[in-house]
>>> print(open('query.txt').read())   # compact mmCIF, C-alpha atoms and all ligand atoms
# COMPACT_ATOMS: atom_id res chain seq x y z
CA MET A 1 13.86 19.15 -0.57
CA GLN A 2 14.73 15.86 -2.21
CA ASP A 3 13.59 15.35 -5.78
CA HIS A 4 10.30 13.38 -5.93
CA ASP A 5 11.59 10.98 -8.60
CA ALA A 6 14.63 10.19 -6.44
CA ILE A 7 12.37 9.39 -3.44
CA VAL A 8 10.20 7.13 -5.59
CA GLU A 9 13.29 5.30 -6.86
CA GLN A 10 14.45 4.72 -3.28
CA VAL A 11 10.99 3.39 -2.36
CA ALA A 12 11.06 0.97 -5.31
CA ALA A 13 14.54 -0.23 -4.33
CA LEU A 14 13.41 -0.79 -0.72
CA PHE A 15 10.42 -2.84 -1.86
CA ASP A 16 12.61 -4.82 -4.28
CA ARG A 17 14.60 -5.80 -1.20
CA LEU A 18 11.48 -6.69 0.80
CA ALA A 19 9.69 -8.63 -1.95
CA ASP A 20 10.76 -12.11 -0.89
CA VAL A 21 9.74 -11.58 2.75
CA HIS A 22 6.68 -9.36 2.20
CA ASP A 23 4.12 -12.17 2.53
CA GLY A 24 3.72 -14.03 5.80
CA ALA A 25 1.77 -14.33 9.03
CA ALA A 26 3.47 -11.21 10.42
CA THR A 27 2.13 -9.05 7.58
CA ARG A 28 -1.30 -10.65 7.28
CA PHE A 29 -3.00 -7.28 7.65
CA HIS A 30 -2.34 -6.76 3.91
CA PRO A 31 -4.66 -9.54 2.64
CA PHE A 32 -7.10 -8.89 5.52
CA ALA A 33 -7.40 -5.25 4.48
CA ALA A 34 -7.52 -6.15 0.77
CA ASP A 35 -10.58 -8.34 1.38
CA ARG A 36 -12.29 -5.58 3.36
CA LEU A 37 -11.47 -3.06 0.64
CA VAL A 38 -12.98 -5.03 -2.23
CA ASP A 39 -16.05 -6.01 -0.17
CA TRP A 40 -16.56 -2.39 0.73
CA MET A 41 -16.39 -1.41 -2.95
CA ARG A 42 -18.98 -4.06 -3.95
CA LEU A 43 -17.05 -5.17 -7.05
CA ARG A 44 -19.11 -6.97 -9.66
CA PRO A 45 -18.22 -9.46 -12.41
CA GLY A 46 -17.06 -7.76 -15.58
CA MET A 47 -15.54 -4.66 -13.99
CA ARG A 48 -12.21 -3.14 -15.06
CA VAL A 49 -10.06 -2.57 -12.00
CA LEU A 50 -6.65 -0.97 -11.46
CA ASP A 51 -4.56 -2.05 -8.45
CA ALA A 52 -2.04 0.75 -7.94
CA GLY A 53 1.06 -0.37 -6.03
CA THR A 54 0.04 -4.02 -6.11
CA GLY A 55 3.10 -5.36 -4.28
CA THR A 56 2.70 -9.13 -4.06
CA GLY A 57 -0.86 -8.79 -5.34
CA ALA A 58 -3.10 -8.90 -2.25
CA VAL A 59 -5.64 -6.40 -3.61
CA ALA A 60 -5.39 -7.72 -7.19
CA VAL A 61 -6.14 -11.26 -5.97
CA ALA A 62 -9.13 -10.19 -3.90
CA ALA A 63 -10.51 -8.08 -6.76
CA ALA A 64 -9.84 -10.68 -9.48
CA GLN A 65 -11.86 -13.29 -7.60
CA ARG A 66 -14.89 -11.02 -7.44
CA ILE A 67 -14.92 -9.69 -11.02
CA ARG A 68 -14.19 -12.90 -12.96
CA PRO A 69 -14.73 -14.31 -15.49
CA GLU A 70 -15.02 -11.24 -17.76
CA GLY A 71 -13.58 -8.62 -15.44
CA ARG A 72 -9.83 -7.88 -15.45
CA VAL A 73 -7.42 -6.31 -13.02
CA GLN A 74 -4.48 -4.26 -14.25
CA ALA A 75 -1.95 -4.37 -11.43
CA ILE A 76 1.03 -2.00 -11.40
CA ASP A 77 4.10 -1.55 -9.22
CA LEU A 78 7.51 0.05 -9.61
CA SER A 79 9.24 -2.84 -7.83
CA GLU A 80 9.85 -5.58 -10.37
CA ARG A 81 10.74 -8.03 -7.60
CA MET A 82 7.32 -7.45 -6.06
CA LEU A 83 5.75 -8.11 -9.46
CA ASP A 84 7.67 -11.42 -9.69
CA VAL A 85 6.20 -12.54 -6.37
CA ALA A 86 2.73 -11.31 -7.43
CA HIS A 87 3.06 -13.36 -10.63
CA ALA A 88 3.91 -16.49 -8.62
CA ASN A 89 0.98 -15.86 -6.24
CA LEU A 90 -1.47 -15.46 -9.13
CA ARG A 91 -0.27 -18.67 -10.78
CA ARG A 92 -0.58 -20.59 -7.54
CA MET A 93 -4.17 -19.39 -7.20
CA ALA A 94 -4.89 -20.10 -10.88
CA LEU A 95 -6.10 -16.54 -11.46
CA ASP A 96 -5.77 -15.61 -15.13
CA ASN A 97 -7.61 -12.29 -15.16
CA VAL A 98 -4.81 -10.09 -13.79
CA ASP A 99 -2.18 -8.29 -15.88
CA LEU A 100 0.99 -7.10 -14.16
CA TYR A 101 2.99 -4.06 -15.30
CA PRO A 102 6.06 -2.27 -13.99
CA MET A 103 4.61 1.24 -13.81
CA ASP A 104 4.66 4.33 -11.61
CA LEU A 105 1.26 4.83 -10.01
CA ARG A 106 1.83 8.59 -10.34
CA ARG A 107 1.79 8.27 -14.14
CA PRO A 108 -0.54 5.42 -15.10
CA GLU A 109 -0.32 4.72 -18.83
CA PHE A 110 -3.81 3.51 -19.62
CA ARG A 111 -6.57 4.74 -21.90
CA SER A 112 -8.70 7.61 -20.69
CA ASP A 113 -12.11 6.74 -19.15
CA TYR A 114 -11.06 3.09 -18.80
CA PHE A 115 -11.45 1.86 -15.21
CA ASP A 116 -14.62 1.30 -13.20
CA VAL A 117 -12.61 1.18 -9.99
CA ILE A 118 -9.09 2.11 -8.89
CA LEU A 119 -7.84 0.41 -5.74
CA SER A 120 -4.63 0.83 -3.81
CA GLY A 121 -3.44 -1.00 -0.69
CA PHE A 122 -1.02 0.77 1.67
CA ALA A 123 0.87 2.38 -1.24
CA LEU A 124 -0.23 6.03 -1.50
CA PRO A 125 1.67 7.30 1.59
CA PHE A 126 4.93 6.28 -0.09
CA VAL A 127 4.26 8.72 -2.94
CA PRO A 128 5.65 12.20 -2.25
CA ASP A 129 2.84 14.07 -4.06
CA MET A 130 -0.20 11.97 -3.17
CA GLY A 131 -2.62 14.59 -4.52
CA GLY A 132 -0.86 14.60 -7.88
CA ALA A 133 -1.27 10.83 -8.15
CA LEU A 134 -4.97 11.01 -7.27
CA ARG A 135 -5.48 13.73 -9.89
CA ALA A 136 -3.69 11.59 -12.51
CA TRP A 137 -6.10 8.74 -11.74
CA GLN A 138 -9.11 10.90 -12.67
CA ARG A 139 -8.17 10.74 -16.37
CA ILE A 140 -8.24 6.93 -16.52
CA LEU A 141 -11.43 6.55 -14.45
CA LYS A 142 -14.72 6.18 -16.31
CA PRO A 143 -17.26 8.90 -15.58
CA GLY A 144 -18.85 7.82 -12.30
CA GLY A 145 -15.88 5.55 -11.54
CA ARG A 146 -14.66 5.11 -7.98
CA VAL A 147 -11.34 5.17 -6.15
CA ALA A 148 -10.53 3.46 -2.84
CA PHE A 149 -7.32 3.02 -0.89
CA THR A 150 -6.26 1.58 2.44
CA VAL A 151 -3.82 3.23 4.84
CA LEU A 152 -2.77 2.61 8.42
CA ALA A 153 -4.90 4.51 10.93
CA ARG A 154 -3.61 6.35 13.98
CA GLY A 155 -3.08 3.80 16.74
CA ALA A 156 -2.15 0.92 14.43
CA PHE A 157 0.56 -1.23 16.05
CA GLU A 158 0.55 0.84 19.24
CA PRO A 159 2.09 0.78 21.75
CA LEU A 160 4.85 -1.09 19.92
CA LEU A 161 5.29 1.51 17.23
CA GLY A 162 5.75 4.30 19.79
CA LEU A 163 8.33 2.20 21.62
CA LEU A 164 10.23 1.68 18.36
CA VAL A 165 10.26 5.44 17.78
CA GLU A 166 11.54 5.99 21.34
CA ASP A 167 14.28 3.37 20.87
CA LEU A 168 15.38 4.84 17.56
CA GLU A 169 15.54 8.29 19.16
CA THR A 170 17.64 6.89 22.01
CA PHE A 171 20.12 5.73 19.40
CA GLY A 172 20.32 9.10 17.72
CA PHE A 173 17.51 9.16 15.17
CA GLU A 174 15.86 12.53 14.73
CA PHE A 175 12.37 12.42 13.30
CA PRO A 176 11.49 15.74 11.63
CA ASP A 177 7.79 15.15 12.40
CA ARG A 178 7.27 13.05 15.50
CA ASP A 179 3.54 12.77 14.81
CA VAL A 180 4.33 11.03 11.51
CA PRO A 181 7.69 9.36 12.17
CA PHE A 182 7.25 6.91 9.30
CA ALA A 183 5.94 7.80 5.82
CA TRP A 184 3.55 4.87 6.09
CA PHE A 185 1.42 6.94 8.53
CA ARG A 186 1.00 10.06 6.45
CA LEU A 187 -2.74 9.48 6.09
CA GLN A 188 -3.46 8.19 9.58
CA ASP A 189 -6.37 10.55 10.24
CA ALA A 190 -9.71 10.34 8.46
CA ASN A 191 -9.72 14.12 7.94
CA ALA A 192 -6.37 13.98 6.13
CA CYS A 193 -7.83 11.37 3.74
CA ARG A 194 -10.95 13.46 3.17
CA ALA A 195 -8.97 16.65 2.54
CA LEU A 196 -6.56 14.93 0.16
CA LEU A 197 -9.39 13.46 -1.92
CA ALA A 198 -11.39 16.69 -1.96
CA GLU A 199 -8.36 18.74 -3.04
CA ALA A 200 -7.74 16.23 -5.84
CA GLY A 201 -11.28 16.86 -7.13
CA TYR A 202 -13.15 13.81 -5.79
CA GLU A 203 -16.76 13.95 -4.59
CA ASP A 204 -18.95 11.74 -2.35
CA ILE A 205 -15.99 10.90 -0.12
CA GLU A 206 -16.36 8.21 2.55
CA VAL A 207 -13.76 7.14 5.10
CA GLU A 208 -14.11 4.03 7.25
CA THR A 209 -11.80 3.22 10.14
CA THR A 210 -11.81 -0.46 10.91
CA GLN A 211 -9.91 -3.05 12.92
CA VAL A 212 -8.96 -5.75 10.41
CA GLY A 213 -8.10 -8.30 13.09
CA HIS A 214 -4.32 -8.44 13.04
CA HIS A 215 -3.29 -8.72 16.69
CA ILE A 216 0.32 -9.09 17.76
CA GLU A 217 0.81 -11.72 20.45
CA LYS A 218 4.56 -11.90 21.03
CA SER A 219 7.49 -9.52 20.76
CA LEU A 220 9.01 -11.79 18.13
CA ASP A 221 5.88 -11.31 15.96
CA TRP A 222 6.45 -7.56 16.13
CA TRP A 223 10.11 -8.00 15.20
CA GLU A 224 9.06 -10.16 12.26
CA LEU A 225 6.66 -7.45 11.12
CA ILE A 226 9.49 -4.90 11.28
CA GLU A 227 11.72 -7.18 9.19
CA ARG A 228 9.08 -7.63 6.50
CA THR A 229 8.09 -3.98 6.09
CA PRO A 230 9.77 -0.64 5.36
CA LEU A 231 10.31 -0.25 9.13
CA ILE A 232 13.42 -2.41 8.69
CA GLY A 233 15.03 0.51 6.81
CA TYR A 234 15.27 2.44 10.10
CA VAL A 235 16.69 -0.47 12.08
CA ASP A 236 19.22 -1.21 9.33
CA ALA A 237 20.60 2.29 9.67
CA LEU A 238 21.81 1.34 13.19
CA GLN A 239 25.28 -0.12 13.49
CA GLY A 240 26.71 -3.17 15.25
CA ASP A 241 25.62 -3.86 18.82
CA THR A 242 23.17 -0.97 18.78
CA ARG A 243 21.22 -2.76 16.10
C1 LIG B 301 3.28 -1.75 1.56
S1 LIG B 301 3.32 -2.35 -0.09
C2 LIG B 301 1.65 -2.88 -0.25
C3 LIG B 301 1.42 -3.81 -1.39
C4 LIG B 301 -0.02 -4.26 -1.63
N1 LIG B 301 -0.81 -3.21 -2.23
C5 LIG B 301 -0.71 -4.79 -0.39
O1 LIG B 301 -1.68 -4.19 0.05
O2 LIG B 301 -0.24 -5.81 0.11
C6 LIG B 301 3.37 -0.86 -1.08
C7 LIG B 301 3.69 -1.10 -2.56
O3 LIG B 301 3.55 0.14 -3.27
C8 LIG B 301 4.55 0.18 -4.26
N2 LIG B 301 4.78 1.57 -4.66
C9 LIG B 301 5.21 2.60 -3.88
N3 LIG B 301 5.32 3.71 -4.62
C10 LIG B 301 4.95 3.39 -5.89
C11 LIG B 301 4.85 4.12 -7.11
N4 LIG B 301 5.16 5.42 -7.19
N5 LIG B 301 4.41 3.48 -8.21
C12 LIG B 301 4.09 2.15 -8.16
N6 LIG B 301 4.19 1.41 -7.04
C13 LIG B 301 4.60 2.02 -5.92
C14 LIG B 301 5.75 -0.46 -3.59
O4 LIG B 301 6.73 -0.88 -4.53
C15 LIG B 301 5.10 -1.60 -2.81
O5 LIG B 301 5.07 -2.80 -3.56
>>> encode(input="query.txt", output="structure tokens", more="lines below")
Ligand SMILES: C[S@@+](CC[C@H](N)C(=O)[O-])C[C@H]1O[C@@H](n2cnc3c(N)ncnc32)[C@H](O)[C@@H]1O
Amino acid sequence: MQDHDAIVEQVAALFDRLADVHDGAATRFHPFAADRLVDWMRLRPGMRVLDAGTGTGAVAVAAAQRIRPEGRVQAIDLSERMLDVAHANLRRMALDNVDLYPMDLRRPEFRSDYFDVILSGFALPFVPDMGGALRAWQRILKPGGRVAFTVLARGAFEPLLGLLVEDLETFGFEFPDRDVPFAWFRLQDANACRALLAEAGYEDIEVETTQVGHHIEKSLDWWELIERTPLIGYVDALQGDTR
């Protein structure tokens, strides 16, 4: 099995590559879901919030708007290019209560008992040992603090996603687990989320499955989504005319 640190480095390199194209109409489910996430968590002014795997800052932005003026978001990501784009986004929105750090969400370097809330948007499935990360977050959460993350549910982007898997298989790809062809979908079932959180020592677990309103109208929109997300890594592996 590949070393976890090596996988995490590859993930960071992939997101470095995607940083400049990450934001756009084709990937609007990120800010849509970020808004739902912070509403669901009923953030209040003054809270201390961690955004783990902030990317271009969708969750940090949504949280910062709800907890200002005294509340602060610490936003971390291993991709420094993503952090550059997040920085530009925050400036454009004149949000000054977010701090950005290059940091591995598996090993958050903050004081113990510090955060009221830890949030994470579509990042956990990219971490090889998701349970280990969730356990590490317990140390930096205040007693009674809360954790919430978004993931893609089973059925997201279907039937297009299934067709992509079929096409890739036609061109020689072998997916070790056809039920989870892409890492992004490792937590696609509510029970998997519940079990992961319970095993990591969390209590009072709630899972909500919701349609955030990102509908794909044209095949070109789907292609654009592929180009702006880790799905492009699979297409890039194809050569020449096949691609
Ligand atoms: C799909 S993007 C989502 C970004 C953002 N949270 C959002 O909802 O738009 C996932 C992000 O997680 C980051 N990430 C993945 N593994 C990480 C790790 N071990 N530590 C920190 N960031 C990580 C990636 O670099 C990427 O920016």
>>> residues_around(input="query.txt", residues="region 181-196 of chain A", least_positions_apart="5", cutoff="7 Å", atoms="only C-alpha atoms", output="VMD selection string")
chain A and resid 125 to 126 131 151 to 154 175 205 207
>>> atom_distance(input="query.txt", atom1="atom C1 of ligand LIG 301 (chain B)", atom2="CA of Phe115 (chain A)")
22.6 Å
>>> closest_residue(input="query.txt", among="A:Asp23, A:Asp236, A:Asp167, A:Glu199", to="ligand LIG 301 (chain B)", atoms="only C-alpha atoms and all ligand atoms")
A:Asp23
>>> closest_atom_pairs(input="query.txt", of="chain A", to="ligand LIG 301 (chain B)", cutoff="7 Å", atoms="only C-alpha atoms and all ligand atoms", output="tab-separated table")
residue	atom	partner	partner_atom	distance
A:Val8	CA	B:LIG301	N4	5.6
A:Val11	CA	B:LIG301	C9	6.0
A:Ala12	CA	B:LIG301	O4	4.8
A:Phe15	CA	B:LIG301	O4	5.0
A:His30	CA	B:LIG301	O2	4.4
A:Pro31	CA	B:LIG301	O2	6.3
A:Ala34	CA	B:LIG301	O1	6.2
A:Ala52	CA	B:LIG301	C12	6.3
A:Gly53	CA	B:LIG301	N6	3.7
A:Thr54	CA	B:LIG301	N1	4.1
A:Gly55	CA	B:LIG301	O5	3.3
A:Thr56	CA	B:LIG301	C4	6.1
A:Gly57	CA	B:LIG301	C4	5.9
A:Ala58	CA	B:LIG301	O2	4.8
A:Val59	CA	B:LIG301	O1	5.8
A:Ile76	CA	B:LIG301	C12	6.1
A:Asp77	CA	B:LIG301	N6	3.7
A:Leu78	CA	B:LIG301	C12	4.3
A:Ser79	CA	B:LIG301	O4	4.6
A:Met82	CA	B:LIG301	O5	5.7
A:Met103	CA	B:LIG301	C12	5.7
A:Asp104	CA	B:LIG301	N5	3.5
A:Leu105	CA	B:LIG301	N5	3.9
A:Arg106	CA	B:LIG301	N4	5.6
A:Ser120	CA	B:LIG301	N1	5.8
A:Gly121	CA	B:LIG301	O1	3.7
A:Phe122	CA	B:LIG301	C2	4.9
A:Ala123	CA	B:LIG301	O3	4.0
A:Leu124	CA	B:LIG301	N3	6.8
A:Phe126	CA	B:LIG301	N3	5.2
A:Val127	CA	B:LIG301	N3	5.4
A:Thr229	CA	B:LIG301	C1	7.0
>>> closest_residue(input="query.txt", among="A:Val147, A:Val117, A:Leu43, A:Val235", to="Phe173 (chain A)", atoms="all atoms listed in the file")
A:Val235
>>> atom_distance(input="query.txt", atom1="CA of Ile140 (chain A)", atom2="CA of Phe110 (chain A)")
6.4 Å
>>> atom_distance(input="query.txt", atom1="CA of Trp222 (chain A)", atom2="CA of Phe32 (chain A)")
17.3 Å
>>> closest_residue(input="query.txt", among="A:Ala64, A:Leu161, A:Leu168, A:Leu197", to="Ala237 (chain A)", atoms="only C-alpha atoms")
A:Leu168
>>> residues_around(input="query.txt", residues="Arg36 (chain A)", least_positions_apart="5", cutoff="12 Å", atoms="only C-alpha atoms", output="PyMOL selection string")
chain A and resi 29-31+41-43+58-59+62-63+119+121+148-150+208-213
>>> closest_residue(input="query.txt", among="A:Asp3, A:Glu109, A:Glu217, A:Glu203", to="Arg146 (chain A)", atoms="all atoms listed in the file")
A:Glu203
>>> closest_residue(input="query.txt", among="A:Leu90, A:Leu141, A:Ala33, A:Leu163", to="Arg111 (chain A)", atoms="only C-alpha atoms")
A:Leu141
>>> closest_residue(input="query.txt", among="A:Val38, A:Pro128, A:Glu80, A:Asp51", to="Ala6 (chain A)", atoms="only C-alpha atoms")
A:Pro128
>>> residues_around(input="query.txt", residues="Arg81 (chain A)", least_positions_apart="3", cutoff="8 Å", atoms="all atoms listed in the file", output="number ranges by chain")
A: 15-17, 19-20, 84-85
